[in-house]
Every structure is written in C-alpha cells, then in structure tokens.
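> Data file entry26.tsv (TSV, C-alpha atoms and all ligand atoms) is appended below.
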chain	number	residue	atom	x	y	z
P	67	MET	CA	4.02	-32.28	-17.37
P	68	ILE	CA	4.45	-28.54	-17.88
P	69	GLU	CA	7.10	-26.42	-16.21
P	70	ILE	CA	7.82	-22.79	-16.99
P	71	LYS	CA	10.32	-20.54	-15.29
P	72	ASP	CA	10.53	-16.76	-15.44
P	73	LEU	CA	8.81	-16.46	-18.79
P	74	HIS	CA	8.79	-13.05	-20.47
P	75	LYS	CA	7.08	-11.94	-23.65
P	76	SER	CA	6.83	-8.53	-25.32
P	77	TYR	CA	5.14	-7.57	-28.56
P	78	LYS	CA	7.10	-5.12	-30.65
P	79	MET	CA	5.11	-2.58	-32.59
P	80	GLY	CA	7.28	-0.13	-34.49
P	81	SER	CA	9.51	1.58	-31.95
P	82	ASN	CA	7.17	0.59	-29.10
P	83	SER	CA	7.18	-2.59	-27.13
P	84	LEU	CA	4.35	-4.00	-25.02
P	85	HIS	CA	5.56	-6.16	-22.13
P	86	VAL	CA	2.77	-8.74	-21.83
P	87	LEU	CA	4.20	-11.59	-19.72
P	88	LYS	CA	6.40	-10.37	-16.89
P	89	GLY	CA	8.08	-13.38	-15.34
P	90	ILE	CA	5.63	-16.28	-15.21
P	91	ASN	CA	6.46	-19.33	-13.09
P	92	PHE	CA	4.06	-22.21	-13.38
P	93	THR	CA	3.96	-25.98	-13.21
P	94	ALA	CA	1.16	-28.40	-14.01
P	95	GLU	CA	1.29	-32.08	-13.14
P	96	GLU	CA	-0.19	-34.85	-15.22
P	97	GLY	CA	-3.95	-35.12	-14.73
P	98	GLU	CA	-4.52	-31.55	-13.57
P	99	LEU	CA	-7.43	-29.38	-14.73
P	100	VAL	CA	-6.24	-25.79	-14.43
P	101	ALA	CA	-8.09	-22.57	-15.20
P	102	ILE	CA	-5.98	-19.65	-16.33
P	103	MET	CA	-8.22	-16.77	-15.40
P	104	GLY	CA	-7.91	-13.06	-15.90
P	105	SER	CA	-9.59	-10.09	-17.51
P	106	SER	CA	-9.29	-9.29	-21.19
P	107	GLY	CA	-5.76	-8.20	-22.12
P	108	SER	CA	-4.11	-9.79	-19.07
P	109	GLY	CA	-1.98	-12.08	-21.26
P	110	LYS	CA	-3.91	-15.37	-21.06
P	111	SER	CA	-3.88	-16.17	-24.78
P	112	THR	CA	-0.26	-15.09	-25.08
P	113	LEU	CA	0.67	-17.54	-22.31
P	114	LEU	CA	-1.44	-20.36	-23.78
P	115	ASN	CA	0.03	-19.81	-27.25
P	116	ILE	CA	3.54	-20.13	-25.82
P	117	LEU	CA	2.55	-23.26	-23.89
P	118	GLY	CA	1.03	-24.54	-27.13
P	119	MET	CA	4.23	-23.82	-29.08
P	120	LEU	CA	2.30	-21.53	-31.40
P	121	ASP	CA	4.48	-18.65	-30.24
P	122	GLU	CA	7.83	-18.28	-28.50
P	123	ALA	CA	8.77	-16.48	-25.30
P	124	ASP	CA	11.53	-13.85	-25.31
P	125	SER	CA	13.18	-15.41	-22.28
P	126	GLY	CA	12.62	-18.04	-19.65
P	127	GLU	CA	12.44	-21.80	-19.68
P	128	TYR	CA	9.72	-24.14	-20.82
P	129	THR	CA	9.82	-27.89	-20.31
P	130	LEU	CA	7.01	-30.05	-21.70
P	131	ASP	CA	6.87	-33.69	-20.61
P	132	GLY	CA	10.58	-33.53	-19.82
P	133	VAL	CA	11.54	-31.94	-23.14
P	134	PRO	CA	13.11	-28.44	-23.03
P	135	ILE	CA	11.31	-26.31	-25.61
P	136	LYS	CA	13.77	-23.78	-26.93
P	137	ASN	CA	15.24	-22.90	-30.29
P	138	LEU	CA	13.55	-25.81	-31.97
P	139	SER	CA	13.43	-25.87	-35.75
P	140	GLU	CA	9.98	-25.33	-37.29
P	141	THR	CA	9.82	-29.00	-38.24
P	142	LYS	CA	10.77	-30.21	-34.78
P	143	ALA	CA	8.35	-27.76	-33.16
P	144	ALA	CA	5.52	-28.96	-35.42
P	145	GLN	CA	6.38	-32.56	-34.54
P	146	TYR	CA	6.20	-31.89	-30.79
P	147	ARG	CA	3.03	-29.85	-31.24
P	148	ASN	CA	1.29	-32.74	-33.01
P	149	LYS	CA	2.57	-35.30	-30.54
P	150	PHE	CA	2.05	-33.46	-27.26
P	151	LEU	CA	-0.69	-30.87	-27.68
P	152	GLY	CA	-4.35	-30.58	-28.50
P	153	PHE	CA	-6.07	-27.24	-29.06
P	154	VAL	CA	-9.59	-25.97	-28.59
P	155	PHE	CA	-10.50	-22.39	-29.48
P	156	GLN	CA	-13.40	-20.03	-28.76
P	157	SER	CA	-14.31	-19.93	-32.46
P	158	PHE	CA	-14.11	-23.76	-32.87
P	159	ASN	CA	-11.85	-23.53	-35.97
P	160	LEU	CA	-13.51	-26.42	-37.76
P	161	ILE	CA	-13.07	-26.83	-41.48
P	162	ASN	CA	-16.38	-25.77	-42.96
P	163	TYR	CA	-16.41	-27.97	-46.05
P	164	LYS	CA	-15.53	-31.14	-44.14
P	165	SER	CA	-17.97	-33.30	-42.19
P	166	ALA	CA	-17.77	-33.70	-38.42
P	167	LEU	CA	-16.10	-37.08	-38.96
P	168	GLU	CA	-13.54	-35.69	-41.42
P	169	ASN	CA	-12.71	-32.85	-39.04
P	170	VAL	CA	-12.04	-35.30	-36.21
P	171	ALA	CA	-10.02	-37.58	-38.51
P	172	LEU	CA	-7.76	-34.77	-39.73
P	173	PRO	CA	-5.07	-34.89	-36.99
P	174	LEU	CA	-4.87	-38.65	-37.56
P	175	TYR	CA	-4.20	-38.00	-41.23
P	176	TYR	CA	-1.24	-35.82	-40.21
P	177	GLN	CA	-0.08	-38.63	-37.93
P	178	LYS	CA	-0.19	-40.90	-40.99
P	179	VAL	CA	-2.76	-43.24	-39.50
P	180	PRO	CA	-4.20	-45.44	-42.30
P	181	ARG	CA	-7.56	-44.36	-43.69
P	182	LYS	CA	-9.76	-47.12	-42.30
P	183	GLU	CA	-8.30	-46.83	-38.80
P	184	ARG	CA	-8.67	-43.05	-39.03
P	185	GLN	CA	-12.39	-43.31	-39.77
P	186	GLU	CA	-12.94	-45.84	-36.97
P	187	LYS	CA	-11.06	-43.82	-34.42
P	188	ALA	CA	-12.75	-40.57	-35.43
P	189	LEU	CA	-16.14	-42.23	-35.06
P	190	GLN	CA	-15.16	-43.49	-31.61
P	191	TYR	CA	-14.22	-39.98	-30.52
P	192	LEU	CA	-17.44	-38.53	-31.96
P	193	GLU	CA	-19.34	-41.13	-29.99
P	194	ARG	CA	-17.45	-40.13	-26.87
P	195	VAL	CA	-18.69	-36.55	-27.22
P	196	GLY	CA	-22.23	-37.77	-27.97
P	197	LEU	CA	-22.26	-36.88	-31.66
P	198	LYS	CA	-21.95	-40.20	-33.48
P	199	GLU	CA	-25.19	-39.64	-35.36
P	200	TRP	CA	-23.89	-36.28	-36.59
P	201	ALA	CA	-20.80	-37.76	-38.24
P	202	THR	CA	-21.74	-36.89	-41.81
P	203	HIS	CA	-23.00	-33.40	-41.05
P	204	LEU	CA	-21.12	-30.24	-41.92
P	205	PRO	CA	-20.22	-27.72	-39.18
P	206	SER	CA	-22.86	-25.32	-40.56
P	207	GLU	CA	-25.51	-27.90	-39.65
P	208	LEU	CA	-24.40	-28.08	-36.02
P	209	SER	CA	-25.16	-25.84	-33.03
P	210	GLY	CA	-22.37	-23.93	-31.31
P	211	GLY	CA	-22.16	-26.47	-28.51
P	212	GLN	CA	-22.04	-29.35	-30.99
P	213	LYS	CA	-19.29	-27.61	-32.98
P	214	GLN	CA	-17.23	-27.22	-29.82
P	215	ARG	CA	-17.75	-30.90	-28.96
P	216	VAL	CA	-16.53	-31.84	-32.45
P	217	ALA	CA	-13.50	-29.59	-31.89
P	218	ILE	CA	-12.82	-31.34	-28.57
P	219	ALA	CA	-13.16	-34.77	-30.23
P	220	ARG	CA	-10.71	-33.60	-32.91
P	221	ALA	CA	-8.21	-32.39	-30.30
P	222	MET	CA	-8.49	-35.66	-28.33
P	223	ALA	CA	-8.30	-37.96	-31.35
P	224	ALA	CA	-4.57	-37.27	-31.65
P	225	GLU	CA	-4.21	-38.40	-28.00
P	226	PRO	CA	-2.30	-35.35	-26.84
P	227	LYS	CA	-0.45	-35.18	-23.52
P	228	VAL	CA	-2.06	-31.83	-22.78
P	229	LEU	CA	-5.29	-30.24	-23.98
P	230	LEU	CA	-5.15	-26.44	-24.23
P	231	ALA	CA	-8.48	-24.64	-24.46
P	232	ASP	CA	-8.64	-20.87	-25.07
P	233	GLU	CA	-12.04	-19.54	-23.94
P	234	PRO	CA	-13.74	-22.78	-25.05
P	235	THR	CA	-17.10	-21.47	-23.81
P	236	GLY	CA	-16.59	-17.87	-24.91
P	237	ALA	CA	-18.98	-18.10	-27.87
P	238	LEU	CA	-21.63	-20.18	-26.08
P	239	ASP	CA	-24.66	-19.41	-23.90
P	240	SER	CA	-24.42	-20.52	-20.28
P	241	THR	CA	-26.31	-23.83	-20.59
P	242	THR	CA	-24.20	-24.85	-23.58
P	243	SER	CA	-21.06	-23.67	-21.76
P	244	TYR	CA	-21.84	-26.04	-18.90
P	245	GLU	CA	-22.35	-28.93	-21.34
P	246	VAL	CA	-18.91	-28.25	-22.81
P	247	MET	CA	-17.37	-27.98	-19.32
P	248	ASP	CA	-19.09	-31.24	-18.35
P	249	LEU	CA	-17.32	-32.90	-21.27
P	250	ILE	CA	-13.98	-31.29	-20.36
P	251	GLN	CA	-14.40	-32.52	-16.76
P	252	LYS	CA	-15.14	-36.07	-17.96
P	253	ILE	CA	-12.07	-36.06	-20.19
P	254	ASN	CA	-10.03	-34.86	-17.21
P	255	ASP	CA	-11.59	-37.57	-14.99
P	256	GLU	CA	-10.02	-40.08	-17.40
P	257	GLY	CA	-6.61	-38.67	-16.50
P	258	ASN	CA	-5.97	-36.08	-19.23
P	259	THR	CA	-4.12	-32.88	-18.38
P	260	ILE	CA	-6.15	-29.82	-19.38
P	261	LEU	CA	-5.58	-26.06	-19.21
P	262	VAL	CA	-8.63	-23.84	-19.72
P	263	VAL	CA	-8.25	-20.12	-20.36
P	264	THR	CA	-11.31	-18.16	-19.29
P	265	HIS	CA	-12.36	-14.75	-18.03
P	266	GLU	CA	-15.47	-16.24	-16.43
P	267	GLU	CA	-15.42	-16.95	-12.71
P	268	ASP	CA	-18.06	-19.76	-12.85
P	269	ILE	CA	-16.19	-21.59	-15.62
P	270	ALA	CA	-12.91	-21.30	-13.69
P	271	HIS	CA	-14.53	-22.92	-10.64
P	272	MET	CA	-15.33	-25.98	-12.74
P	273	CYS	CA	-11.58	-26.63	-12.84
P	274	LYS	CA	-9.57	-28.01	-9.90
P	275	ARG	CA	-7.11	-25.17	-9.68
P	276	ILE	CA	-7.29	-21.50	-10.61
P	277	VAL	CA	-4.26	-19.50	-11.73
P	278	HIS	CA	-5.12	-15.83	-11.75
P	279	LEU	CA	-3.25	-13.67	-14.23
P	280	ARG	CA	-3.22	-9.90	-13.93
P	281	ASP	CA	-1.17	-7.57	-16.10
P	282	GLY	CA	1.19	-10.35	-17.09
P	283	VAL	CA	1.90	-11.73	-13.63
P	284	ILE	CA	0.36	-14.57	-11.66
P	285	VAL	CA	-1.29	-12.93	-8.65
P	286	GLU	CA	-2.93	-16.05	-7.26
P	287	ASP	CA	-2.63	-19.82	-7.74
P	288	LYS	CA	-5.05	-21.89	-5.68
P	289	LYS	CA	-6.65	-25.32	-5.57
P	290	VAL	CA	-10.44	-25.11	-5.56
P	291	LYS	CA	-13.29	-27.49	-4.83
P	292	GLN	CA	-14.44	-28.42	-8.31
P	293	VAL	CA	-18.02	-27.45	-9.19
P	294	ARG	CA	-19.44	-30.22	-11.35
P	295	ALA	CA	-20.91	-28.83	-14.55
P	296	SER	CA	-23.37	-31.77	-14.70
P	297	GLU	CA	-25.26	-30.13	-11.83
P	298	TYR	CA	-26.19	-27.40	-14.25
P	299	VAL	CA	-27.20	-29.53	-17.24
P	300	GLN	CA	-30.23	-31.77	-17.41
P	401	LIG	P1	-6.03	-12.10	-23.08
P	401	LIG	O1	-6.07	-13.39	-23.81
P	401	LIG	O2	-5.87	-12.24	-21.61
P	401	LIG	O3	-7.20	-11.22	-23.41
P	401	LIG	P2	-3.75	-11.48	-24.79
P	401	LIG	O4	-2.67	-12.41	-24.40
P	401	LIG	O5	-4.53	-11.79	-26.01
P	401	LIG	O6	-4.73	-11.29	-23.54
P	401	LIG	O7	-3.16	-10.03	-24.97
P	401	LIG	C1	-2.37	-9.37	-23.98
P	401	LIG	C2	-1.96	-8.02	-24.52
P	401	LIG	O8	-1.09	-8.20	-25.65
P	401	LIG	C3	-3.11	-7.15	-25.02
P	401	LIG	O9	-2.83	-5.82	-24.68
P	401	LIG	C4	-3.09	-7.37	-26.50
P	401	LIG	O10	-3.60	-6.24	-27.17
P	401	LIG	C5	-1.61	-7.56	-26.79
P	401	LIG	N1	-1.36	-8.45	-27.94
P	401	LIG	C6	-1.79	-9.73	-28.07
P	401	LIG	N2	-1.33	-10.29	-29.21
P	401	LIG	C7	-0.60	-9.32	-29.83
P	401	LIG	C8	0.15	-9.27	-31.07
P	401	LIG	N3	0.23	-10.34	-31.86
P	401	LIG	N4	0.79	-8.11	-31.37
P	401	LIG	C9	0.71	-7.05	-30.54
P	401	LIG	N5	0.04	-7.04	-29.38
P	401	LIG	C10	-0.61	-8.15	-29.02
P	402	MG	MG	-7.49	-14.23	-25.07
Will you turn the file into structure tokens for me?

Amino acid sequence: MIEIKDLHKSYKMGSNSLHVLKGINFTAEEGELVAIMGSSGSGKSTLLNILGMLDEADSGEYTLDGVPIKNLSETKAAQYRNKFLGFVFQSFNLINYKSALENVALPLYYQKVPRKERQEKALQYLERVGLKEWATHLPSELSGGQKQRVAIARAMAAEPKVLLADEPTGALDSTTSYEVMDLIQKINDEGNTILVVTHEEDIAHMCKRIVHLRDGVIVEDKKVKQVRASEYVQ
C-alpha cells in the first residue's frame, strides 16, 4: 500500500538547514496497523506529512497504492489526497461552527456526493463511532474523546485507502485515549490500513507493528503482540 525508499527531508531556515529525515525506507501492506514512535523532534510528523502528501520530500521515492508520488501538480496531489488518504490530528481540527454531522459530511461534499446521500452516510459513520445522538451538536458541546471520534468518522467517511493519525491521543487523558485506540483497532479489524504517530509506548503497543524513529532514521521495526485497548475501557 505504502512504499518509501531512501527518503530525505531538510528544513531550510535562512542560511541554515536542518536535516530531519535521513534516508527512510519503509513499506506498509494493506490492513496493517503501524505505530510510528519516537521522541519529540525525531521527525514523526514530518514523515507522516510526506506520507499524507501535505509536504514533499527532498529526495527518495514514494509509491502509494501503486502510484508514484512525485512532481504532481497541486490539483493532482489534492485529488490523490482526497481519494487515498484520511487524516486525524492531535487537535481534532473540526470546524467549530458546523455540527458533528456536517463535519463528517464535509469530505463527501468535496467528493461531490449528493446532499441526501451525504447526510445518510455521515450519520452512518457517526453511528459507527457511537455518536449518532450527537449529530446536531457543535464541537464545543463535545468532550475531547467525542471530538476525536467525530474526526475519525470524518476521516473514514471519505473511505480512504490509508488513515494517517498524528498523535490522535495526544490531547486526551489515558482512559479517553484507550477509547480512541479501541475505535482505531476496530476500524483496522475491518481491514483498513492505519498509521499512528505517537510518542507514547502504551499507545504504540496497541498497534500490530512498531517503527521506531530516532533522529530521522528508523532504528527499529518490529511486529508486536497487539494489546487490545478494550481491556482498558469499561
Ligand atoms: P516530531 O513530530 O517527531 O516531534 P517533527 O517532524 O515535527 O518531529 O520535527 C522534526 C524536527 O524538524 C524538529 O527539530 C522540528 O523543530 C523541525 N521542524 C518541523 N517542522 C518544521 C518546519 N516547518 N520548519 C522548520 N523546522 C521544522
Ligand atoms: Mg509531531
């Protein structure tokens, strides 16, 4: 599903340059649940943003579902992004003046799904994350965990090939974190490919594989016995 070869990325700041990704090789098959773990500043978000086509590498190869991602026009890149990728962020990134339902329906609007079908599908996805009865509520009326579940429903509504989550539990207490990971595990159980960036060891162990990033290089890549988050939520 994802294949990257010898990926490099530097940030230029004036006459200085910060080499952040120093030759990353990585593949993820369909249906995997991979944690990208590392301490703050190790390059996790930079890597995820490149995988998410929100940023471009300086060199290296990236193939997503068989499509080489390089030198694409903005329009083409946006098309692939909408078609292939779903995003979940630490800070939820919901639109504050739109209801939970409208937030989930938004990617479908961009996919030009007709209004009625959009509403139905959005409601289905809200139901899937256990928030059907919250459909008309604004994000400000939801808890952090509920906001993240709405964000996950929104990401999934567009039926992406890969879900990319950058510190999805970073703003949540541990119980709520486990609820969100329980949902991510269930979505993965249904066959979806998911990458989760985290700096937390316990969250990483709820994935099936841990890729450890340190100073812009992968220092470890191992399959792990998945800890089920449901064991920690009642
Ligand atoms: P992580 O997500 O693992 O905390 P990041 O990928 O966000 O790490 O950042 C890696 C390094 O790159 C850090 O030193 C950070 O300060 C730097 N960095 C990240 N984004 C930018 C940017 N847009 N411009 C300059 N430096 C950046
Ligand atoms: Mg980060």
> In file coordinates, which residues lie within 9 Å of (6.0, -16.1, -23.6) using only C-alpha atoms, given as a PyMOL selection string?
chain P and resi 73-76+86-90+112-117+121-126
> Show me as a ChimeraX atom specification the residues that reach within 7 Å of (-19.3, -41.6, -40.3), counting all atoms listed in the file and using the file's own coordinates.
/P:167,189,201-202
> Using only C-alpha atoms, find the one residue out of P:Met247, P:Leu99, P:Leu84, P:Leu230 that sits nearest to Tyr298 (chain P).
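Of all the options, P:Met247 lies closest to Tyr298 (chain P).
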> Enter the distance from atom C5 of ligand LIG 401 (chain P) to CA of Lys110 (chain P), in Å, rounded to one decimal.
10.0 Å
> Have a look at CA of Lys187 (chain P) and CA of Gln156 (chain P) and let me know their distance in Å, one decimal.
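The value is 24.6 Å.
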> Taking all atoms listed in the file and a cut-off of 8 Å, can you tell me which residues surround ligand MG 402 (chain P), written as a list in words?
Ser106, Gly107, Gly109, Lys110, Ser111, Thr112, Asp232, Glu233, Val263 and Thr264 of chain P
